[in-house]
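Structure data (compact mmCIF, C-alpha atoms (C1' of nucleotides)) from start-v9.txt:
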# COMPACT_ATOMS: atom_id res chain seq x y z
CA MET A 1474 83.65 76.97 63.32
CA LEU A 1475 80.52 78.15 65.13
CA PRO A 1476 80.67 77.60 68.89
CA LYS A 1477 78.56 74.84 70.41
CA PRO A 1478 75.63 74.34 70.13
CA PHE A 1479 75.27 76.57 67.06
CA ASP A 1480 77.25 74.11 65.01
CA LEU A 1481 74.15 71.91 65.26
CA ILE A 1482 72.04 74.47 63.40
CA PRO A 1483 71.44 73.39 59.80
CA THR A 1484 73.38 75.36 57.22
CA LYS A 1485 70.20 76.73 55.68
CA ALA A 1486 69.74 78.73 58.90
CA HIS A 1487 73.22 80.33 58.60
CA HIS A 1488 73.37 83.61 56.75
CA PRO A 1489 76.78 85.14 56.12
CA ARG A 1490 76.63 88.93 56.45
CA ARG A 1491 79.27 91.48 55.64
CA PHE A 1492 79.21 95.03 56.99
CA ASP A 1493 81.34 98.03 56.21
CA LYS A 1494 82.52 100.31 58.96
CA ASN A 1495 79.44 102.00 60.48
CA GLY A 1496 77.18 99.42 58.88
CA LEU A 1497 73.85 98.86 60.59
CA VAL A 1498 73.39 95.24 61.63
CA PHE A 1499 69.99 95.88 63.17
CA ARG A 1500 67.99 98.77 64.47
CA GLN A 1501 66.35 99.31 67.85
CA GLY A 1502 62.68 98.50 67.42
CA GLY A 1503 63.33 96.38 64.34
CA LYS A 1504 61.81 92.92 64.10
CA THR A 1505 64.22 90.28 65.45
CA ARG A 1506 65.49 87.80 62.89
CA GLY A 1507 68.24 86.16 64.85
CA LEU A 1508 71.43 86.25 66.82
CA PHE A 1509 74.89 86.71 65.39
CA PHE A 1510 78.32 85.20 65.44
CA VAL A 1511 81.30 87.44 64.72
CA ILE A 1512 83.75 85.78 62.34
CA ASP A 1513 85.85 88.92 62.41
CA GLY A 1514 85.25 92.56 63.10
CA CYS A 1515 83.71 94.50 65.94
CA ILE A 1516 80.09 95.28 66.69
CA GLU A 1517 78.72 97.84 69.12
CA LEU A 1518 75.29 97.53 70.65
CA ARG A 1519 73.86 100.96 71.43
CA ARG A 1520 70.66 101.86 73.11
CA PHE A 1521 68.79 105.13 72.85
CA THR A 1522 67.11 106.12 76.07
CA GLU A 1523 63.84 108.02 76.44
CA ALA A 1524 65.80 111.09 77.49
CA GLY A 1525 67.65 110.88 74.19
CA GLN A 1526 71.09 109.64 75.24
CA THR A 1527 72.97 106.93 73.44
CA ILE A 1528 74.65 104.34 75.61
CA THR A 1529 76.86 101.50 74.51
CA ILE A 1530 75.67 98.36 76.24
CA HIS A 1531 78.05 95.85 74.68
CA ARG A 1532 80.92 95.39 72.29
CA ALA A 1533 81.20 92.05 70.53
CA ARG A 1534 84.42 90.93 68.88
CA SER A 1535 85.83 88.09 66.84
CA SER A 1536 84.49 84.63 67.66
CA GLU A 1537 81.82 85.97 70.01
CA THR A 1538 78.06 85.76 69.64
CA PHE A 1539 75.70 88.64 70.37
CA ALA A 1540 72.00 89.48 70.52
CA GLU A 1541 71.16 86.13 72.15
CA ALA A 1542 68.38 87.75 74.19
CA SER A 1543 66.72 88.83 70.95
CA LEU A 1544 65.64 85.19 70.65
CA PHE A 1545 63.08 85.97 73.30
CA SER A 1546 61.93 89.33 72.03
CA GLN A 1547 59.87 90.45 69.06
CA THR A 1548 62.07 93.49 68.45
CA TYR A 1549 65.71 94.43 69.00
CA HIS A 1550 66.21 96.61 72.07
CA CYS A 1551 69.28 98.33 70.74
CA ASP A 1552 71.11 99.23 67.55
CA GLY A 1553 73.83 96.91 66.30
CA ILE A 1554 76.55 98.80 64.49
CA ALA A 1555 79.78 97.57 62.93
CA THR A 1556 82.60 99.81 64.18
CA CYS A 1557 84.93 98.29 61.62
CA GLU A 1558 84.50 96.11 58.57
CA SER A 1559 82.93 92.93 59.92
CA ASN A 1560 81.91 89.47 58.82
CA LEU A 1561 79.08 87.87 60.72
CA VAL A 1562 76.91 84.81 60.58
CA GLU A 1563 73.27 85.45 61.27
CA LEU A 1564 71.47 82.51 62.86
CA ASP A 1565 67.72 82.19 62.33
CA ARG A 1566 65.75 82.95 65.43
CA SER A 1567 62.80 80.73 64.54
CA ILE A 1568 64.96 77.70 63.87
CA ILE A 1569 66.85 78.09 67.14
CA LEU A 1570 63.62 78.51 69.08
CA GLU A 1571 62.22 75.46 67.39
CA LYS A 1572 65.31 73.41 68.22
CA ILE A 1573 65.28 74.47 71.88
CA GLN A 1574 61.77 73.04 72.10
CA ASN A 1575 62.18 69.93 69.99
CA ASP A 1576 65.78 68.85 70.35
CA PRO A 1577 66.57 67.97 73.99
CA ASN A 1578 70.30 67.86 73.34
CA PHE A 1579 70.24 71.28 71.76
CA ALA A 1580 68.19 72.65 74.66
CA LEU A 1581 70.73 71.31 77.13
CA ALA A 1582 73.65 72.59 75.11
CA ILE A 1583 72.33 76.11 74.68
CA ALA A 1584 71.46 76.33 78.38
CA LYS A 1585 75.00 75.15 79.11
CA ARG A 1586 76.53 77.77 76.85
CA PHE A 1587 74.50 80.59 78.38
CA ALA A 1588 75.16 79.40 81.94
CA GLN A 1589 78.90 79.25 81.34
CA GLN A 1590 78.90 82.67 79.74
CA ASN A 1591 77.17 83.95 82.86
CA GLN A 1592 79.82 82.39 85.02
CA TYR A 1593 82.51 84.06 82.96
CA TYR A 1594 80.89 87.49 83.12
CA ARG A 1595 80.34 87.25 86.88
CA ARG A 1596 83.97 86.36 87.33
CA LYS A 1597 84.98 89.35 85.22
CA LEU A 1598 82.73 91.69 87.19
CA GLU A 1599 84.24 90.45 90.42
CA LEU A 1600 87.69 91.08 88.95
CA LEU A 1601 86.86 94.61 87.86
CA ALA A 1602 85.58 95.32 91.36
CA ILE A 1603 89.18 95.05 92.58
CA LYS A 1604 90.40 98.65 92.77
CA SER A 1605 94.13 98.15 93.20
CA ALA A 1606 95.91 97.63 89.89
CA GLU A 1607 98.41 95.26 91.47
CA ASP A 1608 95.75 93.07 93.08
CA ARG A 1609 93.67 93.07 89.92
CA ILE A 1610 96.60 92.03 87.76
CA TYR A 1611 97.60 89.30 90.17
CA THR A 1612 94.08 87.93 90.50
CA ALA A 1613 93.61 88.02 86.74
CA ILE A 1614 96.83 86.08 86.17
CA VAL A 1615 96.02 83.53 88.85
CA ASP A 1616 92.59 83.21 87.24
CA GLY A 1617 94.25 82.37 83.95
CA LEU A 1618 93.22 85.49 82.07
CA PHE A 1619 96.70 86.41 80.89
CA THR A 1620 97.31 84.42 77.75
CA GLY A 1621 98.19 86.68 74.81
CA LYS A 1622 99.91 90.06 74.69
CA ILE A 1623 100.16 92.41 77.64
CA LYS A 1624 98.39 95.23 75.84
CA ALA A 1625 95.34 93.07 75.12
CA PHE A 1626 95.45 91.80 78.69
CA ALA A 1627 95.55 95.38 79.99
CA THR A 1628 92.48 96.37 77.99
CA ASP A 1629 90.74 93.19 79.07
CA ILE A 1630 91.14 93.93 82.76
CA GLY A 1631 90.40 97.64 82.43
CA LEU A 1632 93.87 99.10 82.98
CA THR A 1633 96.38 100.95 80.81
CA HIS A 1634 99.31 98.92 79.54
CA GLU A 1635 101.69 101.14 81.51
CA ALA A 1636 99.86 100.34 84.73
CA VAL A 1637 100.06 96.65 83.91
CA TYR A 1638 103.82 96.76 83.14
CA ARG A 1639 104.41 98.51 86.46
CA GLY A 1640 102.13 96.15 88.35
CA LEU A 1641 103.86 93.13 86.86
CA ALA A 1642 107.26 94.53 87.85
CA LYS A 1643 106.10 95.10 91.44
CA LEU A 1644 104.62 91.62 91.66
CA VAL A 1645 107.94 90.20 90.50
CA ASP A 1646 109.68 92.32 93.18
CA LYS A 1647 107.40 90.80 95.79
CA SER A 1648 108.10 87.38 94.26
CA LEU A 1649 104.42 86.72 93.70
CA LEU A 1650 105.25 86.37 90.02
CA ILE A 1651 108.30 85.22 88.15
CA LYS A 1652 109.31 86.69 84.85
CA THR A 1653 109.77 83.72 82.56
CA GLY A 1654 110.72 85.86 79.58
CA ARG A 1655 110.05 89.19 77.92
CA GLY A 1656 106.33 89.74 78.38
CA LYS A 1657 105.93 86.36 80.12
CA TYR A 1658 104.98 86.04 83.76
CA ALA A 1659 103.76 83.20 85.96
CA PRO A 1660 102.64 82.88 89.58
CA THR A 1661 105.30 81.54 91.90
CA THR A 1662 104.73 78.71 94.31
CA THR A 1663 106.36 81.02 96.84
CA ALA A 1664 103.12 82.95 96.69
CA LYS A 1665 101.39 79.95 98.18
CA ASN A 1666 103.73 79.86 101.14
CA LEU A 1667 103.52 83.61 101.72
CA LEU A 1668 99.77 83.32 102.03
CA LEU A 1669 100.11 80.64 104.69
CA ILE A 1670 102.23 82.74 107.07
CA MET B 324 58.76 83.57 95.04
CA LEU B 325 61.36 81.76 92.92
CA PRO B 326 62.23 83.56 89.69
CA LYS B 327 60.99 82.13 86.40
CA PRO B 328 61.31 79.38 85.32
CA PHE B 329 62.25 77.86 88.67
CA ASP B 330 58.73 78.41 89.93
CA LEU B 331 57.81 75.57 87.55
CA ILE B 332 60.00 73.11 89.44
CA PRO B 333 57.88 70.79 91.61
CA THR B 334 58.07 71.52 95.32
CA LYS B 335 59.65 68.15 96.02
CA ALA B 336 62.74 69.43 94.20
CA HIS B 337 63.01 72.51 96.47
CA HIS B 338 65.17 72.11 99.54
CA PRO B 339 65.28 74.98 102.02
CA ARG B 340 68.78 75.38 103.45
CA ARG B 341 69.94 77.58 106.28
CA PHE B 342 73.58 78.52 106.81
CA ASP B 343 75.31 80.33 109.64
CA LYS B 344 77.98 82.87 108.91
CA ASN B 345 80.97 81.05 107.34
CA GLY B 346 78.75 78.04 106.61
CA LEU B 347 79.88 75.87 103.72
CA VAL B 348 77.20 75.58 101.04
CA PHE B 349 79.35 73.37 98.84
CA ARG B 350 82.98 72.49 98.38
CA GLN B 351 85.19 72.69 95.31
CA GLY B 352 85.40 69.19 93.90
CA GLY B 353 82.21 68.11 95.66
CA LYS B 354 79.52 66.31 93.69
CA THR B 355 76.99 68.78 92.25
CA ARG B 356 73.49 68.47 93.63
CA GLY B 357 71.95 71.61 92.27
CA LEU B 358 71.82 75.36 91.94
CA PHE B 359 70.68 77.78 94.60
CA PHE B 360 68.32 80.68 95.12
CA VAL B 361 69.16 83.19 97.85
CA ILE B 362 66.08 84.06 99.90
CA ASP B 363 68.24 86.26 102.10
CA GLY B 364 71.88 86.43 103.00
CA CYS B 365 75.10 86.58 101.04
CA ILE B 366 77.15 83.83 99.47
CA GLU B 367 80.69 84.00 98.19
CA LEU B 368 82.01 81.66 95.54
CA ARG B 369 85.73 81.12 95.99
CA ARG B 370 88.10 79.16 93.86
CA PHE B 371 91.43 77.73 94.92
CA THR B 372 93.99 77.82 92.18
CA GLU B 373 96.76 75.30 91.56
CA ALA B 374 99.29 77.82 92.87
CA GLY B 375 97.32 77.93 96.12
CA GLN B 376 95.62 81.31 95.95
CA THR B 377 91.99 81.88 96.82
CA ILE B 378 90.03 84.10 94.48
CA THR B 379 86.48 85.24 94.86
CA ILE B 380 84.71 84.68 91.58
CA HIS B 381 81.22 85.80 92.55
CA ARG B 382 79.08 87.18 95.32
CA ALA B 383 75.39 86.26 95.28
CA ARG B 384 72.84 88.22 97.29
CA SER B 385 69.15 88.22 98.12
CA SER B 386 66.82 87.08 95.35
CA GLU B 387 69.66 85.95 93.12
CA THR B 388 70.45 82.45 91.92
CA PHE B 389 73.96 81.01 91.80
CA ALA B 390 75.86 77.91 90.68
CA GLU B 391 73.77 77.57 87.51
CA ALA B 392 76.77 76.24 85.59
CA SER B 393 77.01 73.37 88.09
CA LEU B 394 74.01 71.92 86.24
CA PHE B 395 76.46 70.98 83.52
CA SER B 396 79.28 69.73 85.67
CA GLN B 397 79.77 66.64 87.84
CA THR B 398 81.57 68.61 90.54
CA TYR B 399 81.52 72.16 91.88
CA HIS B 400 84.43 74.24 90.61
CA CYS B 401 84.54 76.52 93.63
CA ASP B 402 83.60 76.72 97.28
CA GLY B 403 80.27 78.30 98.21
CA ILE B 404 80.48 80.04 101.57
CA ALA B 405 77.85 82.04 103.44
CA THR B 406 79.45 85.33 104.50
CA CYS B 407 76.48 86.05 106.72
CA GLU B 408 73.55 84.03 108.01
CA SER B 409 71.72 82.94 104.87
CA ASN B 410 68.57 81.20 103.78
CA LEU B 411 68.70 79.42 100.45
CA VAL B 412 66.60 77.14 98.34
CA GLU B 413 68.49 74.30 96.73
CA LEU B 414 67.03 73.15 93.42
CA ASP B 415 67.68 69.59 92.30
CA ARG B 416 70.08 69.38 89.42
CA SER B 417 68.68 66.13 88.03
CA ILE B 418 65.11 67.41 87.95
CA ILE B 419 66.12 70.64 86.21
CA LEU B 420 68.17 68.75 83.64
CA GLU B 421 65.26 66.41 83.06
CA LYS B 422 62.85 69.32 82.57
CA ILE B 423 65.15 71.09 80.12
CA GLN B 424 65.02 67.97 77.98
CA ASN B 425 61.37 67.04 78.37
CA ASP B 426 59.50 70.26 78.92
CA PRO B 427 59.83 72.56 75.88
CA ASN B 428 58.39 75.53 77.74
CA PHE B 429 60.82 75.07 80.57
CA ALA B 430 63.72 74.76 78.13
CA LEU B 431 62.70 78.00 76.45
CA ALA B 432 62.21 79.76 79.75
CA ILE B 433 65.55 78.77 81.26
CA ALA B 434 67.39 79.74 78.06
CA LYS B 435 65.57 83.07 78.23
CA ARG B 436 66.58 83.63 81.84
CA PHE B 437 70.23 82.84 81.16
CA ALA B 438 70.30 84.96 78.00
CA GLN B 439 68.84 87.95 79.80
CA GLN B 440 71.25 87.55 82.68
CA ASN B 441 74.06 87.59 80.14
CA GLN B 442 72.69 90.77 78.63
CA TYR B 443 72.60 92.36 82.07
CA TYR B 444 76.18 91.36 82.92
CA ARG B 445 77.49 92.58 79.59
CA ARG B 446 75.79 95.89 80.16
CA LYS B 447 77.36 96.10 83.61
CA LEU B 448 80.82 95.28 82.26
CA GLU B 449 80.45 97.98 79.65
CA LEU B 450 79.46 100.41 82.41
CA LEU B 451 82.44 99.53 84.59
CA ALA B 452 84.71 100.12 81.61
CA ILE B 453 83.83 103.83 81.85
CA LYS B 454 86.72 105.36 83.79
CA SER B 455 85.31 108.80 84.61
CA ALA B 456 83.13 108.73 87.71
CA GLU B 457 80.86 111.43 86.30
CA ASP B 458 80.30 109.61 83.01
CA ARG B 459 79.79 106.30 84.76
CA ILE B 460 77.22 107.76 87.14
CA TYR B 461 75.38 109.49 84.33
CA THR B 462 75.32 106.42 82.11
CA ALA B 463 74.18 104.24 85.00
CA ILE B 464 71.31 106.61 85.79
CA VAL B 465 70.27 106.89 82.15
CA ASP B 466 70.42 103.09 82.02
CA GLY B 467 67.99 102.92 84.92
CA LEU B 468 70.40 101.45 87.45
CA PHE B 469 69.75 104.06 90.14
CA THR B 470 66.66 102.91 91.98
CA GLY B 471 67.33 102.55 95.71
CA LYS B 472 69.76 104.34 97.99
CA ILE B 473 72.85 106.21 96.80
CA LYS B 474 75.21 104.08 98.88
CA ALA B 475 73.95 100.86 97.33
CA PHE B 476 74.09 102.48 93.90
CA ALA B 477 77.69 103.55 94.53
CA THR B 478 78.75 100.01 95.44
CA ASP B 479 76.86 98.67 92.47
CA ILE B 480 78.72 100.84 89.98
CA GLY B 481 82.10 100.42 91.65
CA LEU B 482 82.56 103.86 93.18
CA THR B 483 82.67 105.22 96.72
CA HIS B 484 79.55 106.99 97.92
CA GLU B 485 81.51 110.22 98.25
CA ALA B 486 82.52 110.06 94.61
CA VAL B 487 78.91 109.48 93.66
CA TYR B 488 77.62 112.43 95.74
CA ARG B 489 80.17 114.68 94.10
CA GLY B 490 79.45 113.34 90.65
CA LEU B 491 75.74 113.84 91.11
CA ALA B 492 76.30 117.43 92.25
CA LYS B 493 78.45 118.14 89.18
CA LEU B 494 75.89 116.59 86.84
CA VAL B 495 73.23 118.81 88.39
CA ASP B 496 75.55 121.81 87.86
CA LYS B 497 75.82 120.90 84.20
CA SER B 498 72.04 120.42 84.14
CA LEU B 499 72.36 116.86 82.89
CA LEU B 500 70.47 115.83 86.00
CA ILE B 501 67.85 117.52 88.12
CA LYS B 502 67.66 117.00 91.83
CA THR B 503 64.08 116.03 92.48
CA GLY B 504 64.62 115.68 96.23
CA ARG B 505 67.16 114.67 98.83
CA GLY B 506 68.92 111.68 97.31
CA LYS B 507 66.68 111.80 94.23
CA TYR B 508 67.99 112.63 90.78
CA ALA B 509 66.64 112.30 87.25
CA PRO B 510 68.00 112.97 83.75
CA THR B 511 66.88 116.27 82.27
CA THR B 512 65.43 116.64 78.81
CA THR B 513 67.90 119.51 78.49
CA ALA B 514 70.52 116.79 78.27
CA LYS B 515 68.98 115.68 75.02
CA ASN B 516 69.28 119.14 73.50
CA LEU B 517 72.84 119.62 74.71
CA LEU B 518 73.83 116.45 72.91
CA LEU B 519 72.41 117.74 69.65
CA ILE B 520 74.47 120.93 69.60
C1' DA C 1436 59.29 112.72 122.06
C1' DA C 1437 63.95 111.60 122.60
C1' DT C 1438 67.80 109.26 121.06
C1' DA C 1439 70.41 106.53 118.10
C1' DA C 1440 71.69 105.06 113.65
C1' DA C 1441 72.01 105.56 108.81
C1' DA C 1442 72.00 108.30 104.65
C1' DT C 1443 73.12 112.51 102.45
C1' DA C 1444 76.41 115.92 101.65
C1' DT C 1445 80.73 118.49 101.28
C1' DG C 1446 85.65 119.82 102.63
C1' DA C 1447 90.77 118.59 102.91
C1' DT C 1448 94.34 115.53 101.83
C1' DT C 1449 96.52 111.62 99.89
C1' DT C 1450 97.24 108.10 96.80
C1' DC C 1451 97.58 105.76 92.77
C1' DA C 1452 96.51 105.07 88.04
C1' DA C 1453 96.28 107.86 83.76
C1' DT C 1454 98.79 110.46 80.78
C1' DC C 1455 102.74 111.98 78.33
C1' DA C 1456 107.37 110.98 77.06
C1' DT C 1457 111.03 108.16 75.54
C1' DA C 1458 114.16 104.08 75.07
C1' DT C 1459 114.72 99.35 73.85
C1' DT C 1460 113.53 95.04 71.95
C1' DT C 1461 111.09 92.16 68.90
C1' DG C 1462 108.80 90.78 64.82
C1' DC C 1463 107.36 91.47 60.24
C1' DG C 1464 107.23 92.82 55.46
C1' DA C 1465 109.56 94.85 51.60
C1' DT D 460 118.78 92.25 55.85
C1' DC D 461 117.11 96.59 56.26
C1' DG D 462 113.67 99.44 57.96
C1' DC D 463 109.45 100.15 60.21
C1' DA D 464 105.75 99.19 63.28
C1' DA D 465 104.31 97.22 67.44
C1' DA D 466 105.21 95.51 72.01
C1' DT D 467 107.75 95.90 76.14
C1' DA D 468 109.47 98.73 79.57
C1' DT D 469 110.31 102.65 82.68
C1' DG D 470 110.55 107.72 84.07
C1' DA D 471 108.06 112.21 85.17
C1' DT D 472 103.90 114.60 85.91
C1' DT D 473 99.06 115.23 86.38
C1' DG D 474 94.56 114.46 87.71
C1' DA D 475 90.83 112.35 89.64
C1' DA D 476 88.93 109.24 92.88
C1' DA D 477 89.89 107.22 97.46
C1' DT D 478 90.34 108.23 102.04
C1' DC D 479 89.57 110.68 106.21
C1' DA D 480 86.83 114.03 108.54
C1' DT D 481 82.75 116.25 109.83
C1' DA D 482 78.09 118.40 109.51
C1' DT D 483 73.28 117.88 108.53
C1' DT D 484 69.12 115.59 107.55
C1' DT D 485 66.24 111.70 107.68
C1' DT D 486 64.65 107.41 109.46
C1' DA D 487 64.25 103.95 112.90
C1' DT D 488 63.94 102.56 117.69
C1' DT D 489 62.77 102.86 122.41

If you took the structure in this file and wrote it as structure tokens, what would it be?
Amino acid sequence: MLPKPFDLIPTKAHHPRRFDKNGLVFRQGGKTRGLFFVIDGCIELRRFTEAGQTITIHRARSSETFAEASLFSQTYHCDGIATCESNLVELDRSIILEKIQNDPNFALAIAKRFAQQNQYYRRKLELLAIKSAEDRIYTAIVDGLFTGKIKAFATDIGLTHEAVYRGLAKLVDKSLLIKTGRGKYAPTTTAKNLLLI
Amino acid sequence: MLPKPFDLIPTKAHHPRRFDKNGLVFRQGGKTRGLFFVIDGCIELRRFTEAGQTITIHRARSSETFAEASLFSQTYHCDGIATCESNLVELDRSIILEKIQNDPNFALAIAKRFAQQNQYYRRKLELLAIKSAEDRIYTAIVDGLFTGKIKAFATDIGLTHEAVYRGLAKLVDKSLLIKTGRGKYAPTTTAKNLLLI
DNA sequence: AATAAAATATGATTTCAATCATATTTGCGA
DNA sequence: TCGCAAATATGATTGAAATCATATTTTATT
């Protein structure tokens, strides 16, 4: 259930936590107890700046972990707030830190997880740097980011669903994509040849 | 010179590498030898998809590391290409993997680095999700991302420099920022009070 | 000190995605 | 299976950032 390597953490270090909408998971400045896995729900991490503004620095959703960096800090650097009813698993900081130091396999596995997350985020940043909706949609599809529904896909790549529907239609026009069904699109092999001209 | 914890890697595992423009650092499918630190230059990571398209999945620049995830893979999953003359340090994969397993401090430190990088990328993704140029600029400044020149800042936050100049001017108009000099801006404390109204 | 190059800044215009609107299809629960 | 909600899809309009242009100031170079 928990993603690797957190499945290796003994059950005594798992703490199920339930939060109502607007529930406070942790507070900026509060002593760090651990990182979290989202079973379901949505958590916003918000930081208060010296000048007094609130900025959202991350949104965690189902099956994601958050507050990993709190492992290496005495206090949380932001507020964690449930924006809807949420079920989390809290994972003990001290036990994870201990395992990183004393369990070589765990150390490798957690480094692997973090490194791959990094890779994913860098890829996403590169994608969002593409200004043109059409190019962004095409790159995202080619990169395998279009799996579920179009609306979710649209949000994921930072466009409105209308823009994505239109972009998809244009890409089909240009035969870079083929429509394999309602709401289903795939890159054509034609695309390959076009690029070689 | 190398960022923590790579400064702990013995010098025999550092390999200085110089690449001309368009030089191939590594090839997709090639056996992984290590990760890289960019002393100076610019490296693009490009992946070739089954359908034959090339997509850029990351751009690494001076004082950044790249290909960390290759530590946990037998082969590189993308091409690494120098887009300008570049000086790198290659860090031996096997020695890093060995240290993660046998040096608890190193294991902790590399997990810390990766976790904090993740935090930074998530923050950046959240920033780029802000559509309005004005809001994005303001949030970025409040988040401490505006340090150097405006042009670099503009690129960093995914806007043209013109849009940033205009946004800054508007934010000054609204007294959310004060212009402390040519090309210098800072959040006002007035901003705090405005938010409380 | 003179000149060139880069950064800052703002104006005019264009472009393209957001927004608003609406129709159709699909899937789901009563 | 009927009805309703959500997803897909496209049209019309708006708005905001990109683009193109140009002036000024600063910094770097000779």

Practice problem: Select all residues from chain B having any atom no more than 8 Å from an atom of chain D (counting all atoms listed in the file, ignoring ligands), output as number ranges by chain. | Solution: B: 456, 483, 486

Size and centre in Å, one decimal, axis-aligned box, all listed range 1645-1655 of chain A atoms plus 8 Å per side, as lines of an AutoDock Vina configuration file:
center_x = 107.6
center_y = 88.0
center_z = 86.9
size_x = 22.3
size_y = 24.6
size_z = 33.9

Self-check item: Selection near Ala336 in chain B, 12 Å with only C-alpha atoms (C1' of nucleotides), sequence-local residues under 6 positions removed, as an MDAnalysis selection string
Solution: chainID B and resid 329:330 356:359 412:422

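Going from CA of Ile501 in chain B over to CA of Arg489 in chain B, you cover 14.0 Å.
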
Under the rule of at most 10 Å, produce a per-residue listing of chain C near chain A: chain, number, name, the closest pair of atoms, and the distance in Å, as a tab-separated table, using all atoms listed in the file.
residue	atom	partner	partner_atom	distance
C:DC1451	C1'	A:Ser1605	CA	8.4
C:DA1452	C1'	A:Ala1636	CA	6.7
C:DA1453	C1'	A:Thr1633	CA	7.5
C:DT1454	C1'	A:Glu1635	CA	9.8
C:DT1460	C1'	A:Arg1655	CA	9.1
C:DT1461	C1'	A:Arg1655	CA	9.6

Exercise. For Arg445 in chain B, please output as number ranges by chain all residues within 7 Å (counting all atoms listed in the file; exclusion window: fewer than 3 positions along the same chain).
Key: A: 1530-1531; B: 441-442, 448-449

Starting from the structure just given, write a file holding range 335-382 of chain B with C-alpha atoms, as a compact mmCIF listing (two decimals), in the first residue's frame.
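After the write, selection_10.txt holds the following:
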# COMPACT_ATOMS: atom_id res chain seq x y z
CA LYS B 335 39.78 9.36 -7.29
CA ALA B 336 36.06 9.10 -8.05
CA HIS B 337 35.97 12.60 -9.63
CA HIS B 338 36.56 12.74 -13.34
CA PRO B 339 36.80 16.16 -14.98
CA ARG B 340 35.15 16.12 -18.41
CA ARG B 341 35.17 18.79 -21.07
CA PHE B 342 32.66 18.89 -23.92
CA ASP B 343 32.46 21.06 -27.00
CA LYS B 344 29.16 22.43 -28.15
CA ASN B 345 26.96 19.48 -29.24
CA GLY B 346 29.27 17.07 -27.41
CA LEU B 347 27.66 13.83 -26.29
CA VAL B 348 27.94 13.33 -22.54
CA PHE B 349 26.08 10.03 -22.63
CA ARG B 350 23.74 8.16 -24.90
CA GLN B 351 20.30 6.72 -24.23
CA GLY B 352 20.77 3.01 -23.63
CA GLY B 353 24.44 3.45 -22.75
CA LYS B 354 25.80 1.84 -19.61
CA THR B 355 25.58 4.22 -16.63
CA ARG B 356 28.90 5.30 -15.19
CA GLY B 357 27.78 8.07 -12.92
CA LEU B 358 26.09 11.38 -12.31
CA PHE B 359 27.46 14.77 -13.23
CA PHE B 360 28.14 18.17 -11.75
CA VAL B 361 28.20 21.16 -14.09
CA ILE B 362 31.14 23.44 -13.34
CA ASP B 363 30.11 25.63 -16.25
CA GLY B 364 28.15 25.16 -19.42
CA CYS B 365 24.72 23.81 -20.25
CA ILE B 366 23.55 20.27 -20.76
CA GLU B 367 20.32 19.08 -22.30
CA LEU B 368 18.80 15.71 -21.50
CA ARG B 369 16.80 14.44 -24.46
CA ARG B 370 14.74 11.33 -24.73
CA PHE B 371 13.75 9.55 -27.91
CA THR B 372 10.32 8.05 -27.74
CA GLU B 373 9.15 4.85 -29.42
CA ALA B 374 7.19 6.94 -31.92
CA GLY B 375 10.45 8.65 -32.86
CA GLN B 376 10.07 12.08 -31.30
CA THR B 377 12.79 13.82 -29.36
CA ILE B 378 11.74 15.52 -26.15
CA THR B 379 13.88 17.58 -23.86
CA ILE B 380 13.30 16.40 -20.33
CA HIS B 381 15.76 18.63 -18.51
CA ARG B 382 18.31 21.37 -18.89
